[in-house]
Every structure is written in structure tokens, then in C-alpha cells.
$ cat work28.cif   # mmCIF, C-alpha atoms and all ligand atoms
data_work
loop_
_atom_site.label_atom_id
_atom_site.label_comp_id
_atom_site.auth_asym_id
_atom_site.auth_seq_id
_atom_site.Cartn_x
_atom_site.Cartn_y
_atom_site.Cartn_z
CA VAL A 1 0.00 0.00 0.00
CA CYS A 2 1.32 3.45 -0.97
CA LYS A 3 2.13 5.58 2.11
CA VAL A 4 1.79 9.34 1.92
CA LEU A 5 3.24 11.93 4.30
CA ILE A 6 0.93 14.63 5.59
CA VAL A 7 2.63 17.51 7.43
CA GLY A 8 0.66 19.68 9.86
CA LEU A 9 1.49 23.28 10.79
CA GLY A 10 -0.47 25.07 13.46
CA GLY A 11 -0.47 26.83 16.76
CA THR A 12 0.66 29.89 18.58
CA THR A 13 3.28 30.68 21.23
CA ARG A 14 0.76 29.20 23.70
CA ASP A 15 0.91 25.40 24.21
CA ASN A 16 -2.22 23.55 23.17
CA SER A 17 -3.82 26.48 21.40
CA SER A 18 -7.08 25.68 19.66
CA THR A 19 -5.49 25.76 16.18
CA GLU A 20 -2.72 23.41 17.36
CA ARG A 21 -5.37 21.02 18.69
CA ALA A 22 -7.40 21.26 15.49
CA VAL A 23 -4.41 20.54 13.25
CA ALA A 24 -3.24 17.69 15.52
CA ALA A 25 -6.77 16.20 15.53
CA THR A 26 -6.96 16.42 11.72
CA LEU A 27 -3.56 14.71 11.44
CA ARG A 28 -4.83 11.89 13.69
CA LEU A 29 -7.78 11.46 11.31
CA ALA A 30 -5.34 11.39 8.36
CA ALA A 31 -3.25 8.77 10.19
CA ALA A 32 -6.41 6.68 10.66
CA LEU A 33 -6.70 6.71 6.86
CA GLY A 34 -3.20 5.23 6.59
CA ALA A 35 -1.06 8.35 6.16
CA ASP A 36 2.24 9.03 7.89
CA THR A 37 1.96 12.35 9.70
CA LEU A 38 4.25 14.94 11.24
CA MET A 39 3.13 17.87 13.38
CA PHE A 40 4.83 21.27 13.63
CA SER A 41 3.21 22.95 16.62
CA GLY A 42 3.55 26.57 17.74
CA ALA A 43 6.85 25.87 19.54
CA ASP A 44 8.30 24.31 16.37
CA LEU A 45 7.26 27.33 14.29
CA GLN A 46 8.93 30.05 16.35
CA LEU A 47 11.44 30.83 13.63
CA PRO A 48 13.42 34.01 12.94
CA LEU A 49 11.63 36.40 10.57
CA TYR A 50 12.12 35.00 7.08
CA ALA A 51 14.96 36.90 5.38
CA PRO A 52 15.20 36.24 1.62
CA GLU A 53 18.56 38.06 1.41
CA HIS A 54 20.25 35.61 3.82
CA GLN A 55 21.24 32.01 3.06
CA ASN A 56 21.77 30.81 6.62
CA ARG A 57 18.81 29.10 8.24
CA SER A 58 18.27 27.76 11.76
CA ASP A 59 18.21 23.95 12.20
CA GLN A 60 14.51 24.25 13.06
CA ALA A 61 13.78 26.13 9.82
CA ARG A 62 15.81 23.65 7.74
CA PHE A 63 13.90 20.74 9.29
CA LEU A 64 10.56 22.40 8.46
CA ILE A 65 11.54 22.93 4.82
CA ASP A 66 12.99 19.39 4.51
CA GLN A 67 9.71 17.90 5.74
CA LEU A 68 7.56 20.16 3.53
CA ARG A 69 9.69 19.02 0.58
CA LYS A 70 8.85 15.41 1.42
CA ALA A 71 5.19 16.13 2.15
CA ASP A 72 2.45 14.79 -0.10
CA GLY A 73 -0.13 16.94 1.66
CA VAL A 74 -0.33 19.66 4.29
CA ILE A 75 -2.76 20.72 7.01
CA VAL A 76 -2.35 24.32 8.12
CA GLY A 77 -4.15 26.04 10.97
CA SER A 78 -4.05 29.68 12.02
CA PRO A 79 -5.81 31.75 14.64
CA GLY A 80 -7.53 34.87 13.36
CA TYR A 81 -5.39 37.73 14.59
CA HIS A 82 -6.96 41.11 13.81
CA GLY A 83 -8.96 39.59 11.01
CA GLY A 84 -6.19 37.59 9.30
CA VAL A 85 -3.49 34.94 9.56
CA SER A 86 -1.16 35.23 12.59
CA GLY A 87 2.38 36.45 12.00
CA LEU A 88 3.83 33.19 13.36
CA ILE A 89 1.99 31.04 10.79
CA LYS A 90 2.56 33.48 7.92
CA ASN A 91 6.27 33.63 8.73
CA ALA A 92 6.50 29.83 8.73
CA LEU A 93 4.72 29.72 5.34
CA ASP A 94 7.08 32.42 4.01
CA TYR A 95 9.94 29.91 4.52
CA THR A 96 8.54 27.95 1.55
CA GLU A 97 10.29 30.63 -0.53
CA ASP A 98 13.36 28.41 0.00
CA MET A 99 11.52 25.80 -2.12
CA ARG A 100 11.06 28.05 -5.14
CA GLU A 101 13.75 26.30 -7.23
CA ASP A 102 12.53 22.79 -6.33
CA ALA A 103 11.14 20.36 -8.92
CA ARG A 104 7.91 20.75 -6.93
CA PRO A 105 8.16 24.45 -6.04
CA TYR A 106 6.47 25.81 -2.90
CA LEU A 107 3.39 23.62 -2.22
CA ASP A 108 3.01 22.50 -5.83
CA GLY A 109 1.12 19.23 -6.23
CA ARG A 110 0.06 19.09 -2.60
CA ALA A 111 -3.46 19.31 -1.24
CA VAL A 112 -3.66 21.70 1.68
CA GLY A 113 -6.39 21.51 4.30
CA CYS A 114 -6.94 24.93 5.90
CA ILE A 115 -8.26 25.52 9.43
CA ALA A 116 -8.93 28.87 11.11
CA SER A 117 -10.00 29.58 14.66
CA ALA A 118 -11.12 32.95 16.02
CA ALA A 119 -13.25 34.43 18.76
CA GLY A 120 -16.14 34.86 16.35
CA TRP A 121 -17.34 33.67 12.95
CA GLN A 122 -16.31 36.79 11.06
CA ALA A 123 -12.55 36.49 11.73
CA ALA A 124 -12.71 32.68 11.53
CA THR A 125 -14.04 32.86 7.97
CA THR A 126 -11.93 35.81 6.77
CA THR A 127 -8.82 34.02 8.11
CA LEU A 128 -9.85 30.79 6.36
CA VAL A 129 -10.22 32.70 3.07
CA ALA A 130 -6.84 34.41 3.64
CA LEU A 131 -5.15 31.04 4.29
CA ARG A 132 -6.61 29.62 1.07
CA SER A 133 -5.36 32.64 -0.91
CA ILE A 134 -1.87 32.09 0.52
CA VAL A 135 -2.04 28.40 -0.46
CA HIS A 136 -3.06 29.39 -4.00
CA ALA A 137 -0.08 31.77 -4.18
CA LEU A 138 2.13 28.86 -3.10
CA ARG A 139 0.72 26.70 -5.94
CA GLY A 140 -0.96 24.39 -3.44
CA TRP A 141 -4.46 22.98 -3.82
CA PRO A 142 -6.74 24.08 -0.98
CA THR A 143 -9.23 21.29 -0.31
CA PRO A 144 -12.86 21.97 -1.24
CA LEU A 145 -13.78 21.97 2.45
CA GLY A 146 -11.98 24.11 5.02
CA VAL A 147 -12.69 24.31 8.76
CA ALA A 148 -13.74 27.54 10.50
CA ILE A 149 -13.87 27.30 14.30
CA ASN A 150 -15.48 29.83 16.62
CA SER A 151 -13.43 29.38 19.80
CA THR A 152 -16.10 31.03 21.96
CA GLU A 153 -17.88 27.67 21.62
CA PRO A 154 -15.26 25.26 23.12
CA ALA A 155 -14.37 22.70 20.47
CA PHE A 156 -11.68 20.63 22.26
CA ASP A 157 -11.19 19.26 25.77
CA ALA A 158 -7.92 19.52 27.75
CA GLU A 159 -6.63 16.31 26.09
CA GLY A 160 -7.31 17.72 22.62
CA VAL A 161 -10.35 15.52 21.97
CA CYS A 162 -12.90 17.25 19.76
CA LEU A 163 -16.12 18.01 21.63
CA SER A 164 -18.09 19.06 18.57
CA PRO A 165 -19.41 16.36 16.21
CA PRO A 166 -19.87 18.87 13.33
CA ILE A 167 -16.27 20.14 13.64
CA ASN A 168 -15.00 16.56 13.94
CA ASN A 169 -16.90 15.66 10.76
CA GLN A 170 -15.41 18.64 8.94
CA MET A 171 -11.86 17.76 10.06
CA ASP A 172 -12.48 14.15 9.00
CA LEU A 173 -13.63 15.23 5.55
CA VAL A 174 -10.65 17.58 5.16
CA ALA A 175 -8.28 14.76 6.23
CA CYS A 176 -9.94 12.46 3.69
CA GLN A 177 -9.67 15.06 0.89
CA VAL A 178 -5.98 15.71 1.63
CA VAL A 179 -5.07 12.00 1.83
CA ASN A 180 -7.02 11.04 -1.31
CA PHE A 181 -5.49 13.89 -3.30
CA ALA A 182 -2.03 12.92 -2.04
CA LEU A 183 -2.56 9.30 -3.13
CA ALA A 184 -3.85 10.43 -6.55
CA PHE A 185 -0.86 12.73 -7.08
CA ARG A 186 1.53 9.95 -6.09
CA LEU A 187 0.00 7.77 -8.82
CA ILE A 188 0.21 10.59 -11.37
CA ARG A 189 3.89 11.18 -10.54
CA ALA A 190 4.63 7.44 -10.65
CA ALA A 191 3.03 7.18 -14.12
CA ALA A 192 4.87 10.24 -15.50
C1 LIG Z 201 -3.34 39.42 18.80
C2 LIG Z 201 -4.70 38.81 18.73
C3 LIG Z 201 -5.61 39.29 17.82
C4 LIG Z 201 -6.89 38.70 17.72
N1 LIG Z 201 -7.76 39.21 16.81
C5 LIG Z 201 -9.00 38.66 16.70
C6 LIG Z 201 -9.93 39.16 15.75
O1 LIG Z 201 -9.66 40.10 15.02
N2 LIG Z 201 -11.14 38.57 15.68
C7 LIG Z 201 -11.47 37.50 16.47
O2 LIG Z 201 -12.58 36.98 16.36
N3 LIG Z 201 -10.61 37.00 17.37
C8 LIG Z 201 -9.38 37.57 17.51
N4 LIG Z 201 -8.50 37.07 18.43
C9 LIG Z 201 -8.87 35.89 19.21
C10 LIG Z 201 -8.32 34.60 18.61
O3 LIG Z 201 -8.49 34.54 17.21
C11 LIG Z 201 -9.01 33.39 19.21
O4 LIG Z 201 -8.88 33.39 20.60
C12 LIG Z 201 -8.50 32.13 18.60
O5 LIG Z 201 -9.41 31.09 18.87
C13 LIG Z 201 -7.14 31.80 19.19
O6 LIG Z 201 -6.69 30.60 18.64
P1 LIG Z 201 -5.59 29.78 19.42
O7 LIG Z 201 -6.31 29.04 20.53
O8 LIG Z 201 -5.05 28.86 18.37
O9 LIG Z 201 -4.62 30.77 19.96
C14 LIG Z 201 -7.24 37.64 18.57
C15 LIG Z 201 -6.32 37.16 19.51
C16 LIG Z 201 -5.07 37.74 19.60
C17 LIG Z 201 -4.08 37.21 20.63
#
$ encode --input "work28.cif" --output "C-alpha cells" --more "lines below"
Ligand SMILES: Cc1cc2nc3c(=O)[nH]c(=O)nc-3n(C[C@H](O)[C@H](O)[C@H](O)COP(=O)(O)O)c2cc1C
Amino acid sequence: VCKVLIVGLGGTTRDNSSTERAVAATLRLAAALGADTLMFSGADLQLPLYAPEHQNRSDQARFLIDQLRKADGVIVGSPGYHGGVSGLIKNALDYTEDMREDARPYLDGRAVGCIASAAGWQAATTTLVALRSIVHALRGWPTPLGVAINSTEPAFDAEGVCLSPPINNQMDLVACQVVNFALAFRLIRAAA
């Protein structure tokens, strides 16, 4: 059976933030579908501001790019900060600039499941749309379904278990769309 690697990026400087929990939960659902998964949480994404004019990268940044290079699919989650994607997540995504000369540049050929969490529906949805626009710019394929979470309605317990059947269903569908797309693209690349 063909194994695909799905890489998750999500979180804030705060441990166990809602976006970190949502991305981790979606990765678990992808793993249940047979994918290998790797999570980059908020702590893993605290990278220096991306500097295109410099060549030197931290070990943490190099590891992120190495794993994104290997990834067949990505799950990305951001909190809505002032109506858009948080600086921490945007900065991590800016590191994909180091992949611009790759055979698969940026997020080319990878399905990307997008998740946004905010203290209200307005910022949750505007942030989801912003994330999808970023994924388009990076040549990735945002999945048809994204997940918008209103964190004023608690969605996860302290262990990270999803408390909301509708959100769990949405994460499950996103995981399924990312894994299926990854498998299809593997077949296309193998046949090329
Ligand atoms: C700097 C900052 C800006 C925020 N701006 C907004 C906002 O514009 N609209 C909103 O609904 N929530 C806003 N929030 C609340 C977060 O989006 C919300 O708490 C979210 O669920 C946090 O996700 P997390 O648990 O992953 O940190 C803001 C929070 C912070 C810290």
C-alpha cells in the first residue's frame, strides 16, 4: 500500500492552542486513513523572521523545509489575529520561498487543508479565506472543504479531543480530501 506523508502546521506561542489542537486532531484522522503524519506545533514554528537576502537558516527552519519538501499533503491552521493569519503562521509559510527552485516548487502538487479559529465567525471565515489565498499563491491545492472554528464555543477538551461532532466531521472530511489527493498525485507522478 502506498504511504503518503501529511505535514501539519499550526499553533501559537501558547501550548495547546485551539489551532494546534485542530491541526493535531486532523492529522490523527489522516493517520487513521493510513497516512504518515508529522506535526509542527507553535513551539516548532517560532522561527526568525524569514529573510530572503540571507542564506543561513536555523536547524529548526531547515527541518521544516525538509519535511515540507517530502510532504504529499499539508494541514495548516491559524488563529484569526486582527482579522487575518497570525504572524507566526505566515512567517512559517514564508519559509517555503526556499523551495522556489525545487522540482515541486512551494506547495506544488500538494493538497492543503486549511483551518482557522477565532473568537467569532467573522474572523474565523476571513482568516480561512486568507489562508486559502496564501495556499493558491504557493501553488498548493486548498481542499474543497476548510474548517472555521469559533473558539467562543469550546471545540476541544484539555486532552485535545474534539467536543463538537460537526467540527470533527469537517476535520475528517478535510483529512480524507488531503489524503485522497495525495494518493492520486503519487499515482500521477509514478506514471509520468
Ligand atoms: C493578537 C490577537 C488578535 C486577535 N484578533 C482577533 C480578531 O480580530 N477577531 C477575532 O474573532 N478573534 C481575535 N482574536 C482571538 C483569537 O483569534 C481566538 O482566541 C482564537 O481562537 C485563538 O486561537 P488559538 O487558541 O489557536 O490561539 C485575537 C487574539 C489575539 C491574541
$ residues_near_ligand --input "work28.cif" --ligand "ligand LIG 201 (chain Z)" --cutoff "12 Å" --atoms "all atoms listed in the file" --output "number ranges by chain"
A: 9-24, 41-42, 76-89, 115-128, 148-156, 160
$ closest_residue --input "work28.cif" --among "A:Arg110, A:Arg28, A:His136, A:Lys3" --to "Asp72 in chain A" --atoms "only C-alpha atoms"
A:Arg110
$ residues_around --input "work28.cif" --residues "Gly73 in chain A" --least-positions-apart "3" --cutoff "6 Å" --atoms "all atoms listed in the file" --output "JSON, numbers by chain"
{"A": [6, 110, 111, 112, 178, 182]}
$ atom_distance --input "work28.cif" --atom1 "CA of Val129 in chain A" --atom2 "CA of Met99 in chain A"
23.4 Å
$ closest_residue --input "work28.cif" --among "A:Ala30, A:Ala137, A:Leu45, A:Ala71" --to "Ser58 in chain A" --atoms "all atoms listed in the file"
A:Leu45
$ atom_distance --input "work28.cif" --atom1 "CA of Tyr106 in chain A" --atom2 "CA of Val135 in chain A"
9.2 Å
$ residues_near_point --input "work28.cif" --point "(-14.2, 13.4, 16.0)" --cutoff "12 Å" --atoms "only C-alpha atoms" --output "VMD selection string"
chain A and resid 21 to 22 24 to 30 32 155 to 157 160 to 173 175
$ residues_around --input "work28.cif" --residues "Arg100 in chain A" --least-positions-apart "4" --cutoff "12 Å" --atoms "only C-alpha atoms" --output "PyMOL selection string"
chain A and resi 52+65+69+94-96+104-108+137-139
$ closest_residue --input "work28.cif" --among "A:Gly140, A:Thr37, A:Arg132, A:Gly109" --to "Ala184 in chain A" --atoms "all atoms listed in the file"
A:Gly109
$ atom_distance --input "work28.cif" --atom1 "CA of Thr143 in chain A" --atom2 "CA of Glu101 in chain A"
24.5 Å
$ closest_residue --input "work28.cif" --among "A:Asp36, A:Asp59, A:Asp102, A:Asp44" --to "Val4 in chain A" --atoms "all atoms listed in the file"
A:Asp36
$ closest_residue --input "work28.cif" --among "A:Gln67, A:Gln177, A:Asn91, A:Asn56" --to "Cys114 in chain A" --atoms "only C-alpha atoms"
A:Gln177
$ closest_residue --input "work28.cif" --among "A:Leu38, A:Ala92, A:Leu187, A:Ala43" --to "Ala61 in chain A" --atoms "all atoms listed in the file"
A:Ala92
$ decode --input "work28.cif" --residues "range 92-134 of chain A" --atoms "N, CA and C atoms" --output "compact mmCIF listing (two decimals), in the first residue's frame"
# COMPACT_ATOMS: atom_id res chain seq x y z
N ALA A 92 6.11 31.22 9.02
CA ALA A 92 6.50 29.83 8.73
C ALA A 92 6.21 29.52 7.25
N LEU A 93 5.06 29.97 6.75
CA LEU A 93 4.72 29.72 5.34
C LEU A 93 5.66 30.48 4.41
N ASP A 94 6.14 31.66 4.85
CA ASP A 94 7.08 32.42 4.01
C ASP A 94 8.38 31.64 3.78
N TYR A 95 8.73 30.74 4.71
CA TYR A 95 9.94 29.91 4.52
C TYR A 95 9.86 29.02 3.29
N THR A 96 8.64 28.77 2.77
CA THR A 96 8.54 27.95 1.55
C THR A 96 9.19 28.65 0.35
N GLU A 97 9.53 29.93 0.53
CA GLU A 97 10.29 30.63 -0.53
C GLU A 97 11.59 29.88 -0.82
N ASP A 98 12.13 29.19 0.20
CA ASP A 98 13.36 28.41 0.00
C ASP A 98 13.12 27.21 -0.92
N MET A 99 11.86 26.93 -1.25
CA MET A 99 11.52 25.80 -2.12
C MET A 99 11.23 26.26 -3.56
N ARG A 100 11.51 27.53 -3.84
CA ARG A 100 11.06 28.05 -5.14
C ARG A 100 11.77 27.40 -6.32
N GLU A 101 13.01 26.92 -6.12
CA GLU A 101 13.75 26.30 -7.23
C GLU A 101 13.55 24.78 -7.27
N ASP A 102 12.73 24.24 -6.38
CA ASP A 102 12.53 22.79 -6.33
C ASP A 102 11.80 22.28 -7.57
N ALA A 103 11.92 20.97 -7.83
CA ALA A 103 11.14 20.36 -8.92
C ALA A 103 9.64 20.52 -8.62
N ARG A 104 9.29 20.44 -7.35
CA ARG A 104 7.91 20.75 -6.93
C ARG A 104 7.99 22.04 -6.12
N PRO A 105 7.95 23.21 -6.78
CA PRO A 105 8.16 24.45 -6.04
C PRO A 105 7.05 24.74 -5.02
N TYR A 106 7.43 25.40 -3.95
CA TYR A 106 6.47 25.81 -2.90
C TYR A 106 5.60 24.61 -2.50
N LEU A 107 4.28 24.73 -2.60
CA LEU A 107 3.39 23.62 -2.22
C LEU A 107 2.78 22.96 -3.46
N ASP A 108 3.48 23.08 -4.57
CA ASP A 108 3.01 22.50 -5.83
C ASP A 108 2.65 21.02 -5.68
N GLY A 109 1.52 20.64 -6.22
CA GLY A 109 1.12 19.23 -6.23
C GLY A 109 0.69 18.69 -4.88
N ARG A 110 0.48 19.57 -3.92
CA ARG A 110 0.06 19.09 -2.60
C ARG A 110 -1.32 19.67 -2.26
N ALA A 111 -2.19 18.81 -1.78
CA ALA A 111 -3.46 19.31 -1.24
C ALA A 111 -3.18 19.93 0.12
N VAL A 112 -3.87 21.00 0.41
CA VAL A 112 -3.66 21.70 1.68
C VAL A 112 -5.02 21.92 2.35
N GLY A 113 -5.19 21.30 3.50
CA GLY A 113 -6.39 21.51 4.30
C GLY A 113 -6.17 22.72 5.19
N CYS A 114 -7.10 23.67 5.14
CA CYS A 114 -6.94 24.93 5.90
C CYS A 114 -7.94 24.99 7.05
N ILE A 115 -7.44 25.43 8.22
CA ILE A 115 -8.26 25.52 9.43
C ILE A 115 -8.01 26.89 10.06
N ALA A 116 -9.08 27.58 10.43
CA ALA A 116 -8.93 28.87 11.11
C ALA A 116 -9.81 28.91 12.34
N SER A 117 -9.26 29.48 13.40
CA SER A 117 -10.00 29.58 14.66
C SER A 117 -9.95 31.03 15.14
N ALA A 118 -11.09 31.58 15.51
CA ALA A 118 -11.12 32.95 16.02
C ALA A 118 -12.25 33.08 17.03
N ALA A 119 -12.25 34.21 17.72
CA ALA A 119 -13.25 34.43 18.76
C ALA A 119 -14.57 34.95 18.17
N GLY A 120 -14.90 34.46 17.00
CA GLY A 120 -16.14 34.86 16.35
C GLY A 120 -16.11 34.35 14.92
N TRP A 121 -17.30 34.25 14.30
CA TRP A 121 -17.34 33.67 12.95
C TRP A 121 -16.69 34.56 11.90
N GLN A 122 -16.81 35.89 12.11
CA GLN A 122 -16.31 36.79 11.06
C GLN A 122 -14.81 36.57 10.83
N ALA A 123 -14.01 36.65 11.91
CA ALA A 123 -12.55 36.49 11.73
C ALA A 123 -12.19 35.04 11.39
N ALA A 124 -13.00 34.08 11.89
CA ALA A 124 -12.71 32.68 11.53
C ALA A 124 -12.82 32.49 10.02
N THR A 125 -13.84 33.07 9.41
CA THR A 125 -14.04 32.86 7.97
C THR A 125 -13.10 33.73 7.14
N THR A 126 -12.85 34.99 7.57
CA THR A 126 -11.93 35.81 6.77
C THR A 126 -10.52 35.20 6.83
N THR A 127 -10.16 34.63 7.98
CA THR A 127 -8.82 34.02 8.11
C THR A 127 -8.74 32.75 7.27
N LEU A 128 -9.84 32.00 7.21
CA LEU A 128 -9.85 30.79 6.36
C LEU A 128 -9.65 31.18 4.90
N VAL A 129 -10.36 32.23 4.47
CA VAL A 129 -10.22 32.70 3.07
C VAL A 129 -8.78 33.18 2.82
N ALA A 130 -8.22 33.91 3.80
CA ALA A 130 -6.84 34.41 3.64
C ALA A 130 -5.85 33.25 3.52
N LEU A 131 -6.05 32.21 4.35
CA LEU A 131 -5.15 31.04 4.29
C LEU A 131 -5.22 30.38 2.92
N ARG A 132 -6.45 30.27 2.39
CA ARG A 132 -6.61 29.62 1.07
C ARG A 132 -5.95 30.46 -0.03
N SER A 133 -6.02 31.79 0.10
CA SER A 133 -5.36 32.64 -0.91
C SER A 133 -3.85 32.46 -0.85
N ILE A 134 -3.31 32.31 0.37
CA ILE A 134 -1.87 32.09 0.52
C ILE A 134 -1.50 30.75 -0.13
